[in-house]
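Shown here: work-v6.cif, mmCIF, C-alpha atoms.
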data_work
#
loop_
_atom_site.label_atom_id
_atom_site.label_comp_id
_atom_site.auth_asym_id
_atom_site.auth_seq_id
_atom_site.Cartn_x
_atom_site.Cartn_y
_atom_site.Cartn_z
CA MET A 1 34.76 38.97 12.85
CA VAL A 2 32.58 37.21 15.44
CA LEU A 3 29.50 37.63 13.24
CA ARG A 4 31.39 36.18 10.29
CA VAL A 5 32.39 33.10 12.31
CA ILE A 6 28.82 32.63 13.50
CA PHE A 7 27.56 32.96 9.92
CA VAL A 8 30.02 30.34 8.64
CA PHE A 9 29.11 28.00 11.52
CA LEU A 10 25.39 28.32 10.73
CA CYS A 11 26.06 27.67 7.04
CA VAL A 12 27.98 24.51 7.90
CA LEU A 13 25.17 23.31 10.16
CA TYR A 14 22.63 24.02 7.42
CA SER A 15 24.64 22.11 4.79
CA LEU A 16 25.08 19.15 7.15
CA ASN A 17 21.36 19.11 7.82
CA LEU A 18 20.63 19.12 4.10
CA LYS A 19 23.01 16.21 3.67
CA SER A 20 21.46 14.18 6.48
CA GLN A 21 17.89 14.99 5.47
CA SER A 22 18.17 14.78 1.68
CA LYS A 23 14.92 15.49 -0.09
CA LEU A 24 13.31 12.95 -2.38
CA VAL A 25 13.23 13.92 -6.03
CA TYR A 26 9.91 13.06 -7.66
CA SER A 27 9.16 12.49 -11.35
CA ASN A 28 5.49 13.50 -11.42
CA ASP A 29 6.04 16.05 -14.19
CA SER A 30 7.72 13.43 -16.37
CA VAL A 31 4.99 10.76 -16.36
CA ARG A 32 1.31 10.52 -17.24
CA THR A 33 -0.81 7.98 -15.40
CA GLY A 34 -3.17 5.76 -17.33
CA ALA A 35 -6.12 7.82 -16.10
CA GLN A 36 -4.54 11.05 -17.34
CA GLN A 37 -4.36 9.71 -20.89
CA THR A 38 -8.06 10.15 -21.62
CA GLU A 39 -7.36 10.09 -25.36
CA GLN A 40 -6.32 6.45 -24.96
CA TYR A 41 -9.56 5.16 -23.46
CA ILE A 42 -12.49 7.60 -23.71
CA PRO A 43 -13.20 6.81 -27.40
CA TYR A 44 -13.12 3.09 -26.55
CA LEU A 45 -15.72 3.54 -23.80
CA LYS A 46 -18.27 5.52 -25.84
CA GLY A 47 -21.52 3.57 -26.17
CA LEU A 48 -20.60 1.09 -23.43
CA ARG A 49 -22.17 0.69 -20.00
CA VAL A 50 -19.28 1.23 -17.62
CA ALA A 51 -18.66 0.16 -14.03
CA VAL A 52 -15.75 1.62 -12.10
CA LEU A 53 -13.85 0.22 -9.12
CA ALA A 54 -12.42 3.34 -7.54
CA ASN A 55 -11.62 5.24 -4.37
CA PRO A 56 -10.39 8.79 -3.62
CA SER A 57 -7.02 8.03 -5.27
CA SER A 58 -8.77 7.61 -8.64
CA VAL A 59 -8.13 11.10 -9.96
CA VAL A 60 -7.43 12.75 -13.29
CA GLY A 61 -5.52 15.84 -12.26
CA ALA A 62 -7.66 17.27 -9.46
CA VAL A 63 -10.90 15.68 -10.68
CA HIS A 64 -12.19 12.24 -9.71
CA LEU A 65 -12.20 9.65 -12.49
CA VAL A 66 -15.97 9.11 -12.21
CA ASP A 67 -16.61 12.83 -12.67
CA THR A 68 -14.15 12.92 -15.58
CA LEU A 69 -15.84 10.01 -17.33
CA ARG A 70 -19.31 11.49 -16.92
CA ALA A 71 -18.17 14.92 -18.11
CA MET A 72 -16.73 13.29 -21.25
CA GLY A 73 -19.97 11.50 -22.07
CA VAL A 74 -19.22 8.02 -20.69
CA ASP A 75 -22.19 6.10 -19.29
CA VAL A 76 -21.10 5.16 -15.75
CA VAL A 77 -23.83 2.87 -14.44
CA LYS A 78 -22.20 1.45 -11.32
CA ILE A 79 -19.37 1.96 -8.84
CA PHE A 80 -17.59 -0.75 -6.86
CA GLY A 81 -16.01 0.30 -3.57
CA PRO A 82 -12.97 -1.43 -1.95
CA GLU A 83 -11.70 -1.28 1.66
CA HIS A 84 -12.29 2.18 3.19
CA GLY A 85 -15.14 2.69 0.71
CA PHE A 86 -15.52 4.58 -2.55
CA ARG A 87 -15.18 7.92 -0.77
CA GLY A 88 -12.47 6.62 1.58
CA ASN A 89 -14.26 7.47 4.81
CA ALA A 90 -14.30 4.02 6.46
CA SER A 91 -11.69 2.99 9.04
CA ASN A 92 -9.11 0.27 8.54
CA GLY A 93 -10.82 -3.14 8.44
CA THR A 94 -14.32 -1.70 8.88
CA VAL A 95 -17.16 -3.38 6.98
CA VAL A 96 -18.44 -1.10 4.21
CA HIS A 97 -22.09 -1.25 3.09
CA ASP A 98 -23.75 -0.70 -0.28
CA GLU A 99 -25.10 2.78 -0.86
CA VAL A 100 -26.07 5.35 -3.46
CA ASP A 101 -23.32 7.88 -3.93
CA PRO A 102 -24.76 11.22 -2.73
CA VAL A 103 -22.68 13.20 -5.22
CA THR A 104 -23.46 11.31 -8.45
CA ASN A 105 -26.56 9.25 -7.48
CA ILE A 106 -24.81 6.19 -8.91
CA PRO A 107 -25.26 2.89 -7.02
CA VAL A 108 -22.15 1.87 -5.06
CA VAL A 109 -21.64 -1.85 -4.46
CA SER A 110 -19.25 -2.56 -1.60
CA LEU A 111 -16.60 -5.23 -2.10
CA TYR A 112 -15.51 -4.95 1.52
CA GLY A 113 -18.62 -6.13 3.31
CA ALA A 114 -21.10 -8.90 2.51
CA LYS A 115 -19.22 -9.77 -0.68
CA LYS A 116 -15.63 -9.67 -1.93
CA LYS A 117 -16.32 -9.70 -5.66
CA PRO A 118 -19.13 -8.55 -7.98
CA SER A 119 -21.93 -11.05 -8.48
CA ARG A 120 -23.47 -12.03 -11.81
CA ALA A 121 -26.36 -9.68 -11.03
CA ASP A 122 -23.97 -6.83 -10.27
CA LEU A 123 -22.41 -7.20 -13.72
CA ALA A 124 -25.58 -7.94 -15.71
CA ASP A 125 -26.05 -4.33 -16.82
CA VAL A 126 -22.34 -3.68 -17.38
CA ASP A 127 -20.27 -4.01 -20.57
CA ILE A 128 -16.83 -3.15 -19.18
CA VAL A 129 -15.27 -2.60 -15.75
CA ILE A 130 -12.52 -0.06 -15.09
CA TYR A 131 -10.06 -0.55 -12.23
CA ASP A 132 -8.26 2.58 -11.09
CA VAL A 133 -6.95 2.43 -7.52
CA GLN A 134 -3.53 3.55 -6.28
CA ASP A 135 -1.38 0.71 -4.99
CA LEU A 136 1.73 0.82 -2.78
CA GLY A 137 3.58 -2.23 -4.05
CA VAL A 138 3.31 -4.19 -0.81
CA ARG A 139 1.84 -7.68 -0.37
CA PHE A 140 -0.30 -6.78 2.64
CA TYR A 141 -1.78 -3.66 1.04
CA THR A 142 -5.07 -5.40 0.31
CA TYR A 143 -6.23 -3.69 -2.88
CA ILE A 144 -4.37 -6.35 -4.88
CA ASN A 145 -6.73 -8.94 -3.38
CA VAL A 146 -9.71 -6.90 -4.59
CA LEU A 147 -8.17 -6.68 -8.05
CA ARG A 148 -7.74 -10.47 -8.29
CA ASP A 149 -11.36 -10.98 -7.16
CA LEU A 150 -12.55 -8.46 -9.76
CA MET A 151 -10.52 -10.24 -12.44
CA GLU A 152 -12.20 -13.54 -11.55
CA ALA A 153 -15.67 -11.99 -11.62
CA CYS A 154 -15.04 -10.41 -15.03
CA ALA A 155 -13.68 -13.70 -16.40
CA ALA A 156 -16.64 -15.69 -15.08
CA ASN A 157 -19.18 -13.29 -16.52
CA GLY A 158 -17.58 -12.45 -19.85
CA LYS A 159 -16.86 -8.81 -19.01
CA GLU A 160 -13.80 -6.93 -20.18
CA LEU A 161 -11.56 -5.39 -17.54
CA MET A 162 -9.64 -2.18 -18.20
CA ILE A 163 -6.84 -1.15 -15.86
CA LEU A 164 -5.70 2.46 -15.80
CA ASP A 165 -2.19 1.97 -14.49
CA ARG A 166 -0.51 4.16 -11.87
CA PRO A 167 3.09 4.40 -10.62
CA ASN A 168 4.06 2.36 -7.59
CA PRO A 169 5.65 4.78 -5.08
CA ASN A 170 7.73 1.88 -3.74
CA ALA A 171 8.58 0.31 -7.10
CA TYR A 172 12.31 0.59 -6.40
CA LEU A 173 11.90 -1.99 -3.61
CA ILE A 174 11.78 -5.77 -4.11
CA ASP A 175 12.44 -7.40 -0.76
CA GLY A 176 11.12 -9.77 1.87
CA PRO A 177 10.40 -13.47 2.17
CA ILE A 178 8.05 -15.15 -0.30
CA LEU A 179 4.71 -15.87 1.36
CA ASP A 180 4.43 -19.46 2.55
CA MET A 181 0.90 -20.22 1.33
CA LYS A 182 0.05 -22.01 4.58
CA HIS A 183 -0.09 -18.46 5.98
CA LYS A 184 -2.47 -17.27 3.29
CA SER A 185 -4.93 -14.74 4.74
CA GLY A 186 -6.68 -11.47 4.01
CA ILE A 187 -3.32 -9.70 4.25
CA GLY A 188 -1.40 -12.14 2.07
CA GLN A 189 -2.88 -14.20 -0.74
CA PHE A 190 -0.07 -14.52 -3.28
CA PRO A 191 3.44 -16.03 -3.27
CA LEU A 192 5.05 -12.59 -3.35
CA PRO A 193 7.77 -10.95 -1.27
CA ILE A 194 6.66 -8.20 1.11
CA ALA A 195 7.55 -5.51 -1.46
CA HIS A 196 6.95 -6.82 -5.00
CA GLY A 197 8.17 -3.98 -7.25
CA LEU A 198 5.17 -4.04 -9.61
CA THR A 199 2.57 -1.56 -10.76
CA THR A 200 -1.08 -2.57 -10.61
CA ALA A 201 -1.20 -3.59 -14.28
CA GLU A 202 2.03 -5.56 -14.03
CA PHE A 203 0.65 -7.38 -11.00
CA ALA A 204 -2.57 -8.16 -12.93
CA GLN A 205 -0.50 -9.64 -15.76
CA MET A 206 1.34 -11.79 -13.22
CA VAL A 207 -1.92 -13.00 -11.65
CA LYS A 208 -3.23 -13.95 -15.09
CA GLY A 209 0.03 -15.41 -16.38
CA GLU A 210 0.84 -17.44 -13.27
CA GLY A 211 -2.72 -18.75 -12.93
CA TRP A 212 -3.29 -17.17 -9.52
CA MET A 213 -6.97 -16.70 -10.42
CA VAL A 214 -9.88 -18.80 -11.58
CA GLY A 215 -10.60 -18.43 -15.30
CA ALA A 216 -7.32 -16.75 -16.23
CA ASP A 217 -7.59 -17.88 -19.87
CA LYS A 218 -11.06 -16.33 -20.17
CA LEU A 219 -10.21 -12.86 -18.92
CA LYS A 220 -10.13 -10.09 -21.52
CA LEU A 221 -7.70 -7.58 -20.05
CA LYS A 222 -7.04 -4.12 -21.50
CA ILE A 223 -4.30 -1.96 -20.00
CA VAL A 224 -3.67 1.76 -20.37
CA PRO A 225 0.00 1.97 -19.31
CA ILE A 226 1.76 4.89 -17.66
CA ALA A 227 3.55 7.09 -20.18
CA SER A 228 7.31 7.75 -19.83
CA TYR A 229 7.70 5.72 -16.64
CA ARG A 230 10.47 3.62 -15.09
CA HIS A 231 10.40 1.72 -11.81
CA ASP A 232 13.28 3.75 -10.43
CA MET A 233 11.25 6.95 -10.70
CA LEU A 234 9.80 8.22 -7.44
CA TYR A 235 6.20 9.36 -7.68
CA LYS A 236 4.54 11.59 -5.11
CA LEU A 237 0.95 10.52 -4.67
CA PRO A 238 -1.49 13.37 -5.39
CA VAL A 239 -4.06 11.90 -2.97
CA ASP A 240 -3.62 9.92 0.25
CA PRO A 241 -4.03 6.27 -0.84
CA SER A 242 -5.85 5.39 2.39
CA PRO A 243 -6.70 7.21 5.66
CA ASN A 244 -3.62 6.12 7.61
CA LEU A 245 -1.15 6.73 4.78
CA ASN A 246 -1.30 10.48 4.95
CA THR A 247 2.31 11.70 4.75
CA GLU A 248 5.33 11.34 2.49
CA GLN A 249 7.10 9.48 5.30
CA SER A 250 4.26 7.03 5.92
CA ILE A 251 4.17 5.90 2.28
CA ILE A 252 7.92 5.31 1.97
CA LEU A 253 8.25 3.80 5.46
CA TYR A 254 5.13 1.63 5.13
CA PRO A 255 6.80 -1.52 3.72
CA SER A 256 9.11 -1.57 6.77
CA THR A 257 6.99 -0.16 9.60
CA CYS A 258 3.82 -2.07 8.75
CA LEU A 259 5.66 -5.06 10.23
CA PHE A 260 4.63 -3.55 13.58
CA GLU A 261 1.02 -4.50 12.79
CA GLY A 262 2.17 -7.98 13.82
CA VAL A 263 3.54 -7.05 17.24
CA LYS A 264 2.24 -5.33 20.36
CA ILE A 265 3.63 -1.92 19.44
CA ASN A 266 1.56 1.08 18.43
CA HIS A 267 2.86 2.18 15.03
CA GLY A 268 1.31 5.61 15.00
CA ARG A 269 -2.34 4.63 14.65
CA GLY A 270 -4.42 7.14 16.58
CA THR A 271 -1.96 9.96 15.77
CA ASP A 272 -1.37 12.24 12.81
CA PHE A 273 1.69 10.16 11.89
CA PRO A 274 0.69 6.52 11.29
CA PHE A 275 3.60 4.24 10.34
CA VAL A 276 5.99 7.00 11.44
CA PHE A 277 5.67 6.78 15.26
CA LEU A 278 6.56 3.50 16.99
CA GLY A 279 6.07 2.96 20.69
CA SER A 280 4.56 1.38 23.78
CA PRO A 281 4.07 2.31 27.45
CA MET A 282 6.66 -0.36 28.35
CA TYR A 283 9.50 1.79 26.97
CA LYS A 284 9.06 4.52 29.59
CA GLY A 285 12.51 5.54 30.78
CA LEU A 286 14.15 3.87 27.78
CA TYR A 287 13.16 6.39 25.08
CA ASP A 288 12.63 10.14 25.39
CA PHE A 289 10.14 10.48 22.53
CA SER A 290 6.49 9.94 23.49
CA PHE A 291 3.01 10.16 21.99
CA VAL A 292 -0.55 9.39 23.07
CA PRO A 293 -2.83 7.50 20.63
CA VAL A 294 -6.42 8.75 20.53
CA SER A 295 -9.53 7.71 18.64
CA LYS A 296 -9.62 9.21 15.15
CA LYS A 297 -12.85 8.71 13.24
CA GLY A 298 -12.37 7.20 9.82
CA LYS A 299 -8.72 6.37 10.58
CA SER A 300 -8.18 4.45 13.83
CA GLU A 301 -11.12 4.55 16.18
CA SER A 302 -9.75 2.12 18.77
CA PRO A 303 -5.95 2.24 18.44
CA LEU A 304 -3.66 0.08 20.55
CA PHE A 305 -2.80 1.77 23.90
CA MET A 306 -5.47 4.43 23.34
CA GLY A 307 -5.09 7.23 25.87
CA GLU A 308 -1.79 5.85 27.21
CA VAL A 309 1.60 7.50 26.88
CA CYS A 310 3.75 5.49 24.46
CA TYR A 311 7.53 5.85 24.30
CA GLY A 312 9.70 4.90 21.36
CA LEU A 313 10.87 6.05 17.94
CA ASP A 314 9.96 9.16 15.95
CA LEU A 315 10.82 8.63 12.27
CA ARG A 316 9.62 12.00 10.97
CA ASP A 317 13.20 13.11 10.36
CA TYR A 318 14.48 9.80 9.05
CA ASP A 319 16.39 10.21 5.78
CA LEU A 320 13.95 8.74 3.26
CA GLN A 321 16.40 9.03 0.38
CA ALA A 322 18.84 6.82 2.27
CA LEU A 323 16.11 4.19 2.60
CA VAL A 324 15.29 4.44 -1.11
CA ASP A 325 18.96 4.21 -2.09
CA ARG A 326 19.42 1.13 0.10
CA LYS A 327 16.63 -0.71 -1.76
CA LYS A 328 15.97 -2.93 1.24
CA LEU A 329 13.37 -3.15 3.99
CA ASN A 330 14.57 -1.66 7.26
CA LEU A 331 14.47 -4.46 9.83
CA GLY A 332 16.59 -2.51 12.29
CA TRP A 333 13.63 -0.90 14.02
CA ILE A 334 11.87 -4.15 14.91
CA ILE A 335 15.20 -5.72 15.93
CA GLU A 336 15.96 -2.73 18.19
CA LEU A 337 12.56 -2.51 19.83
CA TYR A 338 12.52 -6.23 20.55
CA ALA A 339 16.05 -6.10 21.98
CA ASN A 340 15.09 -3.17 24.24
CA SER A 341 11.72 -4.58 25.27
CA PRO A 342 11.34 -5.24 29.01
CA GLU A 343 8.38 -7.51 28.15
CA LYS A 344 9.78 -9.75 25.43
CA ASP A 345 7.24 -12.47 26.16
CA LYS A 346 4.46 -10.05 25.13
CA PHE A 347 6.19 -8.44 22.13
CA PHE A 348 4.57 -10.75 19.55
CA ASP A 349 1.24 -10.98 21.39
CA GLN A 350 -1.55 -10.47 18.87
CA SER A 351 -4.50 -11.54 21.03
CA TYR A 352 -5.74 -7.92 20.89
CA SER A 353 -5.84 -7.88 17.07
CA LYS A 354 -8.66 -9.63 15.23
CA GLN A 355 -7.49 -8.38 11.86
CA ILE A 356 -3.85 -9.46 11.67
CA GLY A 357 -3.67 -12.46 13.97
CA SER A 358 0.10 -13.04 14.01
CA ILE A 359 3.46 -11.86 12.75
CA GLU A 360 3.58 -15.04 10.65
CA LYS A 361 0.56 -13.95 8.60
CA LEU A 362 1.99 -10.49 8.11
CA VAL A 363 5.56 -11.44 7.20
CA GLY A 364 4.42 -14.67 5.57
CA VAL A 365 6.87 -17.21 7.05
CA ASP A 366 7.37 -19.11 10.32
CA ALA A 367 11.03 -18.24 10.81
CA PHE A 368 10.85 -14.47 11.27
CA ARG A 369 9.61 -14.47 14.88
CA LYS A 370 12.25 -16.99 15.94
CA GLN A 371 14.97 -15.05 14.12
CA ILE A 372 14.13 -11.82 15.95
CA GLU A 373 13.93 -13.65 19.30
CA SER A 374 17.30 -15.28 18.63
CA GLY A 375 19.01 -11.98 17.90
CA TRP A 376 19.64 -12.50 14.20
CA SER A 377 21.04 -9.53 12.25
CA GLU A 378 19.32 -7.98 9.23
CA GLU A 379 21.87 -9.65 6.96
CA GLN A 380 21.23 -13.08 8.47
CA ILE A 381 17.45 -12.68 8.21
CA ARG A 382 17.64 -11.46 4.63
CA ALA A 383 19.89 -14.36 3.64
CA SER A 384 17.16 -16.75 4.82
CA TRP A 385 14.82 -15.34 2.16
CA GLU A 386 16.89 -16.96 -0.58
CA PRO A 387 16.63 -18.57 -3.03
CA GLY A 388 12.94 -17.61 -3.08
CA LEU A 389 13.48 -13.89 -3.47
CA SER A 390 15.91 -14.28 -6.38
CA SER A 391 13.56 -16.73 -8.10
CA TYR A 392 10.72 -14.25 -7.77
CA LYS A 393 12.84 -11.48 -9.31
CA ASP A 394 13.51 -13.67 -12.34
CA MET A 395 9.83 -14.59 -12.72
CA ARG A 396 8.81 -10.92 -12.34
CA LYS A 397 10.69 -9.96 -15.51
CA LYS A 398 8.08 -11.72 -17.68
CA TYR A 399 5.36 -9.30 -16.68
CA LEU A 400 7.07 -5.92 -16.68
CA LEU A 401 5.65 -3.05 -18.70
CA TYR A 402 8.37 -0.61 -17.67
CA PRO A 403 12.15 -0.79 -17.26
CA ASP A 404 13.80 -0.91 -13.83
#
Have the structure of the file written as structure tokens, please.
Amino acid sequence: MVLRVIFVFLCVLYSLNLKSQSKLVYSNDSVRTGAQQTEQYIPYLKGLRVAVLANPSSVVGAVHLVDTLRAMGVDVVKIFGPEHGFRGNASNGTVVHDEVDPVTNIPVVSLYGAKKKPSRADLADVDIVIYDVQDLGVRFYTYINVLRDLMEACAANGKELMILDRPNPNAYLIDGPILDMKHKSGIGQFPLPIAHGLTTAEFAQMVKGEGWMVGADKLKLKIVPIASYRHDMLYKLPVDPSPNLNTEQSIILYPSTCLFEGVKINHGRGTDFPFVFLGSPMYKGLYDFSFVPVSKKGKSESPLFMGEVCYGLDLRDYDLQALVDRKKLNLGWIIELYANSPEKDKFFDQSYSKQIGSIEKLVGVDAFRKQIESGWSEEQIRASWEPGLSSYKDMRKKYLLYPD
């Protein structure tokens, strides 16, 4: 009888745990990325000199796109590398230099170093450029800046651009204030909300259609869309999109926890759980959870509070499905950590960060800092994003390739 009671108790605990930690349901088996549909673009590329803008996320199954193209007889003459480099081994914000790829012996031109877009000389021996990089659907995820620059270079030099579209793992989310263009920077260059709800190809259509690029009317754009896709489908990325987005949690939490790039809180850089741990030495005695950031080559080599014990929040067990179902950024964490901060005057200090500069650049508006300092609720802050957010949602509909 005692064993039976214990068994029932354990079953109840197990079912409660399943309920509180519901697993995300992914639709990978139901969709085919643009890159996977080789029958749609390989015949088109035969006889052309091809350049590819790619990184480690540019895969066809388990094989890199460049290797796939070469194996299928496509003449790949050049590779363009974005932030983190073509092979993805450069740290966040680190300048990347030109090189010859040691695997393929193809020249790699960096677009995250001395130049931000291909030059006329770079494109002289190219007939068509392919863009195939995984995006996360967030304004400050900087690959969209690279795409716009590539679009301008192709337009200026009469080169066709082909986009192999990929699902946005955060496509369910359209939230945040519209960027005030006076805060335009390397982490925000378009009048978008923080989470824009677009795939790469949809974003490119918006850039072209809204005139957010030079030479929009001259760009010849060819898109290979995702097959059998909707925005409400969750897609598990087959490859880490960048070095510090290395877990299921980090990718789903990123639109919310990347806000901590704009405050003096370590958000997991220098650990195995970037964008999942949040903390600072100042919370000692206030939070039980702790971690120590260390230098991690190729990820975060000089993280904030390196070697110091940080106390704060551990979001590894946070219910991701609840966040997805809510369809809103979680502002509760930044509100809580500010409210509990014993050093509120230093919370928004960004003097240590050369890359971000301020919370205003990251969030995109002046009001956010003052709202947090004044104790505004999530609902009050979100209300201040209107009518801009609703206007954006209406404009977005013109460029959609897939249903919501």
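Residues matching the PyMOL selection byres ((chain A and resi 173) around 8) in this structure come to Asn170, Ala171, Tyr172, Ile174, Asp175, Ala195, His196, Gly197, Val324, Lys327, Lys328 and Leu329 of chain A.
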At a cut-off of 10 Å, using all atoms listed in the file, what residues contact Pro118 in chain A? Leave out same-chain residues fewer than 6 positions from it and give the result as a list in words. Phe80, Val109, Ser110, Leu111, Asp149, Leu150, Met151, Glu152, Ala153, Cys154 and Asn157 of chain A
Mind checking which residues fall within 8 Å of Gln134 in chain A, counting only C-alpha atoms, ignoring those fewer than 6 positions away in the same chain, and posting them as a short mmCIF file (atom, residue, chain, number, x, y, z; two decimals) with C-alpha atoms, keeping the file's coordinate frame?
data_model
loop_
_atom_site.label_atom_id
_atom_site.label_comp_id
_atom_site.auth_asym_id
_atom_site.auth_seq_id
_atom_site.Cartn_x
_atom_site.Cartn_y
_atom_site.Cartn_z
CA SER A 57 -7.02 8.03 -5.27
CA SER A 58 -8.77 7.61 -8.64
CA ARG A 166 -0.51 4.16 -11.87
CA PRO A 167 3.09 4.40 -10.62
CA ASN A 168 4.06 2.36 -7.59
CA THR A 200 -1.08 -2.57 -10.61
CA PRO A 241 -4.03 6.27 -0.84
#
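Within a radius of 8 Å around (10.1, 2.1, 7.3), the polymer residues are A:Ser250, A:Ile252, A:Leu253, A:Tyr254, A:Pro255, A:Ser256, A:Thr257, A:Cys258, A:Phe275, A:Val276, A:Leu323, A:Leu329, A:Asn330, counting only C-alpha atoms.
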Could you write out that same residue set with C-alpha atoms as a PDB file, keeping the file's coordinate frame?
ATOM      1  CA  SER A 250       4.260   7.030   5.920  1.00  0.00           C
ATOM      2  CA  ILE A 252       7.920   5.310   1.970  1.00  0.00           C
ATOM      3  CA  LEU A 253       8.250   3.800   5.460  1.00  0.00           C
ATOM      4  CA  TYR A 254       5.130   1.630   5.130  1.00  0.00           C
ATOM      5  CA  PRO A 255       6.800  -1.520   3.720  1.00  0.00           C
ATOM      6  CA  SER A 256       9.110  -1.570   6.770  1.00  0.00           C
ATOM      7  CA  THR A 257       6.990  -0.160   9.600  1.00  0.00           C
ATOM      8  CA  CYS A 258       3.820  -2.070   8.750  1.00  0.00           C
ATOM      9  CA  PHE A 275       3.600   4.240  10.340  1.00  0.00           C
ATOM     10  CA  VAL A 276       5.990   7.000  11.440  1.00  0.00           C
ATOM     11  CA  LEU A 323      16.110   4.190   2.600  1.00  0.00           C
ATOM     12  CA  LEU A 329      13.370  -3.150   3.990  1.00  0.00           C
ATOM     13  CA  ASN A 330      14.570  -1.660   7.260  1.00  0.00           C
TER      14      ASN A 330
END
Could you check which of A:Pro193, A:Asp180, A:Ile128, A:Glu83 is closest to Asn145 in chain A, using all atoms listed in the file? A:Glu83
CA of Glu301 in chain A and CA of Met282 in chain A are how many Å apart? 22.1 Å
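Remark: for Lys23 in chain A, the closest of the candidate residues A:Asp345, A:Glu373, A:Asp317, A:Glu160 is A:Asp317 (distances computed over all atoms listed in the file).
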Name every residue that the PyMOL selection byres ((chain A and resi 216) around 12) selects in this structure, writing the answer as a PyMOL selection string with chains first and numbers rising. chain A and resi 148-156+158+204-215+217-221
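Nearest to Ile194 in chain A of all the residues A:Arg87, A:Arg139, A:Arg369, A:Lys346 is A:Arg139, counting all atoms listed in the file.
Every residue that the PyMOL selection byres ((chain A and resi 222) around 7) selects in this file is listed here: Leu161, Met162, Ile163, Lys220, Leu221, Ile223 and Val224 of chain A.
Using all atoms listed in the file for every distance, the candidate list A:Thr271, A:Ser377, A:Gln371, A:Ser280 yields A:Ser280 as the residue closest to Phe305 in chain A.
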Neighbour list for Val100 in chain A as a ChimeraX atom specification, cut-off 10 Å, only C-alpha atoms, skip fewer than 3 positions in-chain: /A:78-79,103-109
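Distance annotation: of A:Met395, A:Val60, A:Phe86, A:Leu179, the residue with the minimal separation from Glu360 in chain A is A:Leu179; atom set is all atoms listed in the file.
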